[in-house]
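Next up, final.csv (CSV, N, CA and C atoms and all ligand atoms):
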```
chain,number,residue,atom,x,y,z
A,29,ALA,N,-6.1,-1.1,-3.1
A,29,ALA,CA,-7.1,-1.6,-2.1
A,29,ALA,C,-7.9,-0.5,-1.6
A,30,VAL,N,-9.2,-0.6,-1.7
A,30,VAL,CA,-10.1,0.5,-1.2
A,30,VAL,C,-10.3,0.3,0.3
A,31,VAL,N,-10.0,1.3,1.1
A,31,VAL,CA,-10.1,1.1,2.6
A,31,VAL,C,-10.7,2.4,3.1
A,32,PRO,N,-11.5,2.3,4.2
A,32,PRO,CA,-12.0,3.5,4.9
A,32,PRO,C,-10.9,3.9,5.8
A,33,VAL,N,-10.7,5.2,5.9
A,33,VAL,CA,-9.7,5.8,6.9
A,33,VAL,C,-10.4,6.9,7.7
A,34,SER,N,-9.9,7.1,8.9
A,34,SER,CA,-10.5,8.1,9.8
A,34,SER,C,-9.6,9.3,10.0
A,35,ALA,N,-10.3,10.5,10.1
A,35,ALA,CA,-9.5,11.7,10.3
A,35,ALA,C,-8.7,11.7,11.5
A,36,GLY,N,-7.5,12.1,11.4
A,36,GLY,CA,-6.6,12.2,12.6
A,36,GLY,C,-5.9,11.0,13.0
A,37,ARG,N,-6.3,9.9,12.5
A,37,ARG,CA,-5.7,8.6,12.9
A,37,ARG,C,-4.4,8.4,12.0
A,38,ARG,N,-3.4,7.9,12.7
A,38,ARG,CA,-2.1,7.6,12.0
A,38,ARG,C,-2.1,6.2,11.4
A,39,TYR,N,-1.8,6.2,10.1
A,39,TYR,CA,-1.7,4.9,9.4
A,39,TYR,C,-0.3,4.7,8.9
A,40,ALA,N,0.1,3.4,8.7
A,40,ALA,CA,1.4,3.1,8.2
A,40,ALA,C,1.2,2.2,6.9
A,41,TRP,N,1.4,2.8,5.8
A,41,TRP,CA,1.2,2.1,4.5
A,41,TRP,C,2.5,1.2,4.3
A,42,CYS,N,2.3,-0.1,4.0
A,42,CYS,CA,3.4,-0.9,3.7
A,42,CYS,C,4.1,-0.5,2.4
A,43,ALA,N,5.4,-0.2,2.4
A,43,ALA,CA,6.1,0.2,1.2
A,43,ALA,C,6.9,-1.0,0.7
A,44,CYS,N,7.1,-2.0,1.5
A,44,CYS,CA,8.0,-3.1,1.1
A,44,CYS,C,7.3,-4.3,0.4
A,45,GLY,N,6.0,-4.4,0.6
A,45,GLY,CA,5.2,-5.5,0.0
A,45,GLY,C,5.2,-6.8,0.8
A,46,HIS,N,5.9,-6.8,1.9
A,46,HIS,CA,5.9,-8.1,2.7
A,46,HIS,C,4.9,-8.2,3.7
A,47,SER,N,4.2,-7.2,4.0
A,47,SER,CA,3.1,-7.3,5.0
A,47,SER,C,2.0,-8.3,4.7
A,48,LYS,N,1.5,-8.9,5.7
A,48,LYS,CA,0.4,-9.8,5.5
A,48,LYS,C,-0.9,-9.1,5.7
A,49,LYS,N,-0.8,-7.8,6.1
A,49,LYS,CA,-2.0,-7.0,6.3
A,49,LYS,C,-2.1,-5.9,5.3
A,50,GLN,N,-1.9,-6.2,4.0
A,50,GLN,CA,-1.9,-5.2,3.0
A,50,GLN,C,-3.2,-4.4,3.0
A,51,PRO,N,-3.2,-3.1,2.7
A,51,PRO,CA,-2.0,-2.4,2.3
A,51,PRO,C,-1.2,-1.7,3.4
A,52,PHE,N,-1.5,-2.2,4.6
A,52,PHE,CA,-0.8,-1.6,5.8
A,52,PHE,C,0.4,-2.4,6.3
A,53,CYS,N,1.3,-1.8,6.9
A,53,CYS,CA,2.5,-2.4,7.5
A,53,CYS,C,2.1,-3.2,8.7
A,54,ASP,N,2.8,-4.4,8.7
A,54,ASP,CA,2.6,-5.3,9.9
A,54,ASP,C,3.9,-5.5,10.6
A,55,GLY,N,4.9,-4.7,10.2
A,55,GLY,CA,6.3,-4.9,10.8
A,55,GLY,C,7.2,-5.9,10.1
A,56,ALA,N,6.7,-6.5,9.1
A,56,ALA,CA,7.5,-7.5,8.4
A,56,ALA,C,8.7,-7.0,7.7
A,57,HIS,N,8.7,-5.7,7.4
A,57,HIS,CA,9.9,-5.1,6.8
A,57,HIS,C,11.1,-5.2,7.6
A,58,LYS,N,10.9,-5.2,8.9
A,58,LYS,CA,12.1,-5.3,9.8
A,58,LYS,C,13.0,-6.5,9.5
A,59,ALA,N,12.4,-7.6,9.2
A,59,ALA,CA,13.1,-8.8,8.9
A,59,ALA,C,13.3,-9.0,7.4
A,60,SER,N,12.3,-8.6,6.6
A,60,SER,CA,12.4,-8.9,5.2
A,60,SER,C,12.9,-7.8,4.3
A,61,ALA,N,12.8,-6.6,4.8
A,61,ALA,CA,13.3,-5.4,4.0
A,61,ALA,C,13.8,-4.3,4.9
A,62,PRO,N,14.8,-4.6,5.7
A,62,PRO,CA,15.2,-3.6,6.7
A,62,PRO,C,15.6,-2.2,6.2
A,63,ASP,N,15.8,-2.1,4.9
A,63,ASP,CA,16.1,-0.7,4.4
A,63,ASP,C,14.9,0.1,4.0
A,64,ILE,N,13.8,-0.6,4.1
A,64,ILE,CA,12.5,0.1,3.7
A,64,ILE,C,11.7,0.4,5.0
A,65,SER,N,11.1,1.6,5.0
A,65,SER,CA,10.2,1.9,6.1
A,65,SER,C,8.8,2.2,5.6
A,66,PRO,N,7.8,2.0,6.4
A,66,PRO,CA,6.5,2.2,6.0
A,66,PRO,C,6.3,3.7,5.8
A,67,LEU,N,5.3,4.1,5.0
A,67,LEU,CA,5.0,5.5,4.8
A,67,LEU,C,3.8,5.8,5.7
A,68,ARG,N,4.1,6.7,6.6
A,68,ARG,CA,3.0,7.1,7.6
A,68,ARG,C,2.2,8.2,7.1
A,69,PHE,N,0.9,8.2,7.3
A,69,PHE,CA,0.1,9.3,6.8
A,69,PHE,C,-1.1,9.4,7.8
A,70,THR,N,-1.6,10.6,7.8
A,70,THR,CA,-2.7,10.9,8.7
A,70,THR,C,-3.8,11.7,7.9
A,71,PRO,N,-4.9,11.0,7.6
A,71,PRO,CA,-6.0,11.7,6.8
A,71,PRO,C,-6.5,12.9,7.6
A,72,ASP,N,-7.0,13.9,6.9
A,72,ASP,CA,-7.5,15.1,7.5
A,72,ASP,C,-9.1,15.0,7.6
A,73,LYS,N,-9.6,13.9,7.0
A,73,LYS,CA,-11.1,13.7,7.1
A,73,LYS,C,-11.4,12.2,6.9
A,74,ASP,N,-12.6,11.9,7.4
A,74,ASP,CA,-13.0,10.5,7.2
A,74,ASP,C,-13.3,10.3,5.8
A,75,GLN,N,-12.8,9.3,5.2
A,75,GLN,CA,-13.0,9.0,3.8
A,75,GLN,C,-12.7,7.6,3.4
A,76,THR,N,-13.0,7.2,2.2
A,76,THR,CA,-12.6,6.0,1.6
A,76,THR,C,-11.5,6.3,0.6
A,77,VAL,N,-10.4,5.6,0.7
A,77,VAL,CA,-9.3,5.9,-0.2
A,77,VAL,C,-8.8,4.7,-0.9
A,78,LEU,N,-8.2,4.9,-2.0
A,78,LEU,CA,-7.7,3.8,-2.9
A,78,LEU,C,-6.2,3.8,-2.6
A,79,LEU,N,-5.7,2.8,-1.8
A,79,LEU,CA,-4.3,2.7,-1.5
A,79,LEU,C,-3.7,1.7,-2.4
A,80,CYS,N,-2.4,2.0,-2.8
A,80,CYS,CA,-1.7,1.1,-3.7
A,80,CYS,C,-1.4,-0.1,-3.0
A,81,ALA,N,-1.6,-1.3,-3.6
A,81,ALA,CA,-1.2,-2.6,-3.1
A,81,ALA,C,0.0,-3.2,-3.8
A,82,CYS,N,0.2,-2.7,-5.1
A,82,CYS,CA,1.2,-3.4,-5.9
A,82,CYS,C,2.6,-2.8,-5.7
A,83,LYS,N,2.6,-1.6,-5.0
A,83,LYS,CA,3.8,-0.9,-4.7
A,83,LYS,C,4.5,-0.3,-5.9
A,84,GLN,N,3.8,-0.1,-7.0
A,84,GLN,CA,4.4,0.5,-8.2
A,84,GLN,C,4.0,1.9,-8.4
A,85,THR,N,3.1,2.4,-7.5
A,85,THR,CA,2.6,3.8,-7.6
A,85,THR,C,3.7,4.8,-7.5
A,86,LYS,N,3.5,5.9,-8.1
A,86,LYS,CA,4.4,7.1,-8.0
A,86,LYS,C,3.8,8.1,-7.0
A,87,ASN,N,2.7,7.7,-6.5
A,87,ASN,CA,1.9,8.7,-5.6
A,87,ASN,C,1.6,8.0,-4.3
A,88,ALA,N,2.6,7.3,-3.7
A,88,ALA,CA,2.3,6.5,-2.5
A,88,ALA,C,1.8,7.4,-1.4
A,89,PRO,N,0.8,6.9,-0.6
A,89,PRO,CA,0.4,5.6,-0.5
A,89,PRO,C,-0.8,5.3,-1.5
A,90,TYR,N,-1.1,6.3,-2.3
A,90,TYR,CA,-2.3,6.1,-3.1
A,90,TYR,C,-2.0,5.4,-4.5
A,91,CYS,N,-3.0,4.7,-4.9
A,91,CYS,CA,-2.9,4.1,-6.3
A,91,CYS,C,-2.9,5.2,-7.3
A,92,ASP,N,-2.0,5.2,-8.3
A,92,ASP,CA,-2.0,6.2,-9.3
A,92,ASP,C,-2.4,5.6,-10.7
A,93,GLY,N,-2.9,4.3,-10.6
A,93,GLY,CA,-3.4,3.7,-11.8
A,93,GLY,C,-2.2,3.1,-12.7
A,94,THR,N,-1.0,3.1,-12.1
A,94,THR,CA,0.1,2.5,-12.8
A,94,THR,C,-0.3,1.1,-13.3
A,95,PRO,N,-0.1,0.9,-14.6
A,95,PRO,CA,-0.4,-0.5,-15.1
A,95,PRO,C,0.5,-1.5,-14.4
A,96,ILE,N,0.0,-2.7,-14.3
A,96,ILE,CA,0.8,-3.7,-13.7
A,96,ILE,C,1.9,-4.0,-14.8
A,97,VAL,N,3.2,-3.9,-14.3
A,97,VAL,CA,4.3,-4.1,-15.2
A,97,VAL,C,4.9,-5.4,-15.0
A,98,GLN,N,5.6,-5.9,-16.0
A,98,GLN,CA,6.1,-7.2,-15.9
A,98,GLN,C,7.1,-7.4,-14.8
A,99,ASN,N,7.8,-6.4,-14.4
A,99,ASN,CA,8.8,-6.5,-13.4
A,99,ASN,C,8.3,-6.3,-12.0
A,100,CYS,N,7.0,-6.2,-11.9
A,100,CYS,CA,6.3,-6.0,-10.6
A,100,CYS,C,6.5,-7.2,-9.8
A,101,LEU,N,7.3,-7.1,-8.7
A,101,LEU,CA,7.5,-8.3,-7.9
A,101,LEU,C,6.3,-8.8,-7.2
A,102,TYR,N,5.3,-8.0,-7.1
A,102,TYR,CA,4.1,-8.3,-6.3
A,102,TYR,C,2.9,-8.6,-7.2
A,103,ASN,N,3.2,-8.7,-8.5
A,103,ASN,CA,2.1,-8.9,-9.5
A,103,ASN,C,1.2,-10.0,-9.1
A,104,THR,N,1.7,-11.1,-8.7
A,104,THR,CA,0.9,-12.3,-8.4
A,104,THR,C,0.0,-12.0,-7.2
A,105,CYS,N,0.6,-11.5,-6.2
A,105,CYS,CA,-0.1,-11.3,-4.9
A,105,CYS,C,-1.1,-10.3,-5.0
A,106,TYR,N,-0.8,-9.2,-5.6
A,106,TYR,CA,-1.7,-8.0,-5.4
A,106,TYR,C,-2.4,-7.6,-6.7
A,107,HIS,N,-2.1,-8.3,-7.8
A,107,HIS,CA,-2.7,-7.9,-9.0
A,107,HIS,C,-4.3,-7.7,-8.9
A,108,SER,N,-4.9,-8.6,-8.2
A,108,SER,CA,-6.3,-8.6,-8.1
A,108,SER,C,-6.8,-7.4,-7.4
A,109,TYR,N,-6.1,-7.0,-6.4
A,109,TYR,CA,-6.5,-5.7,-5.7
A,109,TYR,C,-6.5,-4.6,-6.6
A,110,HIS,N,-5.4,-4.5,-7.4
A,110,HIS,CA,-5.1,-3.4,-8.3
A,110,HIS,C,-6.2,-3.3,-9.3
A,111,VAL,N,-6.4,-4.4,-10.0
A,111,VAL,CA,-7.3,-4.4,-11.2
A,111,VAL,C,-8.7,-4.2,-10.7
A,112,GLN,N,-9.1,-4.8,-9.6
A,112,GLN,CA,-10.4,-4.7,-9.1
A,112,GLN,C,-10.9,-3.3,-8.9
A,113,TYR,N,-10.0,-2.4,-8.5
A,113,TYR,CA,-10.4,-1.1,-8.1
A,113,TYR,C,-10.0,0.0,-9.0
A,114,LEU,N,-9.4,-0.3,-10.2
A,114,LEU,CA,-9.1,0.7,-11.1
A,114,LEU,C,-10.3,1.2,-11.8
B,201,LIG,S1,5.8,-4.6,6.4
B,201,LIG,FE1,6.1,-3.5,4.5
B,201,LIG,S2,6.8,-1.5,5.2
B,201,LIG,FE2,6.4,-2.6,7.0
```
Using the file provided, produce a representation of the structure as structure tokens.
Amino acid sequence: AVVPVSAGRRYAWCACGHSKKQPFCDGAHKASAPDISPLRFTPDKDQTVLLCACKQTKNAPYCDGTPIVQNCLYNTCYHSYHVQYL
């Protein structure tokens, strides 16, 4: 998902896939995936970034271009985000 971010602002990227506000955490992990925490990051400049929405990236919170794989639990939900911005 391509999103604008602001320098110095703290963001919480959803690592569990349950958030309704992808690619950001909305607190849903507390009930749906209590063992997973959001990845917090603070950009050092205003910019537009490509954040992973399918949760298969090896470079969280950023998309690394990982192809959608068959075992991606979030394939259906987030495939369009991923493909659209590759
Ligand atoms: S809702 Fe997914 S990490 Fe918080």
Close residues to ligand LIG 201 (chain B) using all atoms listed in the file, limit 5 Å, as a PDB file with N, CA and C atoms, keeping the file's coordinate frame:
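Final output, out.pdb:
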```pdb
ATOM      1  N   CYS A  42       2.300  -0.100   4.000  1.00  0.00           N
ATOM      2  CA  CYS A  42       3.400  -0.900   3.700  1.00  0.00           C
ATOM      3  C   CYS A  42       4.100  -0.500   2.400  1.00  0.00           C
ATOM      4  N   ALA A  43       5.400  -0.200   2.400  1.00  0.00           N
ATOM      5  CA  ALA A  43       6.100   0.200   1.200  1.00  0.00           C
ATOM      6  C   ALA A  43       6.900  -1.000   0.700  1.00  0.00           C
ATOM      7  N   CYS A  44       7.100  -2.000   1.500  1.00  0.00           N
ATOM      8  CA  CYS A  44       8.000  -3.100   1.100  1.00  0.00           C
ATOM      9  C   CYS A  44       7.300  -4.300   0.400  1.00  0.00           C
ATOM     10  N   GLY A  45       6.000  -4.400   0.600  1.00  0.00           N
ATOM     11  CA  GLY A  45       5.200  -5.500   0.000  1.00  0.00           C
ATOM     12  C   GLY A  45       5.200  -6.800   0.800  1.00  0.00           C
ATOM     13  N   HIS A  46       5.900  -6.800   1.900  1.00  0.00           N
ATOM     14  CA  HIS A  46       5.900  -8.100   2.700  1.00  0.00           C
ATOM     15  C   HIS A  46       4.900  -8.200   3.700  1.00  0.00           C
ATOM     16  N   SER A  47       4.200  -7.200   4.000  1.00  0.00           N
ATOM     17  CA  SER A  47       3.100  -7.300   5.000  1.00  0.00           C
ATOM     18  C   SER A  47       2.000  -8.300   4.700  1.00  0.00           C
ATOM     19  N   CYS A  53       1.300  -1.800   6.900  1.00  0.00           N
ATOM     20  CA  CYS A  53       2.500  -2.400   7.500  1.00  0.00           C
ATOM     21  C   CYS A  53       2.100  -3.200   8.700  1.00  0.00           C
ATOM     22  N   ASP A  54       2.800  -4.400   8.700  1.00  0.00           N
ATOM     23  CA  ASP A  54       2.600  -5.300   9.900  1.00  0.00           C
ATOM     24  C   ASP A  54       3.900  -5.500  10.600  1.00  0.00           C
ATOM     25  N   GLY A  55       4.900  -4.700  10.200  1.00  0.00           N
ATOM     26  CA  GLY A  55       6.300  -4.900  10.800  1.00  0.00           C
ATOM     27  C   GLY A  55       7.200  -5.900  10.100  1.00  0.00           C
ATOM     28  N   ALA A  56       6.700  -6.500   9.100  1.00  0.00           N
ATOM     29  CA  ALA A  56       7.500  -7.500   8.400  1.00  0.00           C
ATOM     30  C   ALA A  56       8.700  -7.000   7.700  1.00  0.00           C
ATOM     31  N   HIS A  57       8.700  -5.700   7.400  1.00  0.00           N
ATOM     32  CA  HIS A  57       9.900  -5.100   6.800  1.00  0.00           C
ATOM     33  C   HIS A  57      11.100  -5.200   7.600  1.00  0.00           C
ATOM     34  N   SER A  65      11.100   1.600   5.000  1.00  0.00           N
ATOM     35  CA  SER A  65      10.200   1.900   6.100  1.00  0.00           C
ATOM     36  C   SER A  65       8.800   2.200   5.600  1.00  0.00           C
ATOM     37  N   PRO A  66       7.800   2.000   6.400  1.00  0.00           N
ATOM     38  CA  PRO A  66       6.500   2.200   6.000  1.00  0.00           C
ATOM     39  C   PRO A  66       6.300   3.700   5.800  1.00  0.00           C
TER      40      PRO A  66
END
```
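Between atom C of Thr70 of chain A and atom N of Val31 of chain A the separation is 13.9 Å.
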Practice prompt. Please indicate the distance in Å from atom C of Val33 of chain A to atom CA of Ala59 of chain A, rounded to one decimal place.
Written response: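 Atom-to-atom, atom C of Val33 of chain A to atom CA of Ala59 of chain A, that is 28.3 Å.
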Worksheet entry | Within 6 Å of Pro51 of chain A using all atoms listed in the file, minus same-chain residues under 4 positions, as JSON, numbers by chain | {"A": [40, 41, 42, 80, 81]}
Worksheet item: So which bits of segment 33-91 of chain A end up alpha helix (DSSP H) when you DSSP the backbone, as a ChimeraX atom specification?
Response: /A:57-60
Fill in: Straight-line distance linking atom CA of Asp92 of chain A with atom CA of Val77 of chain A, stated in Å to one decimal
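Rounded to one decimal, the two atoms are 11.7 Å apart.
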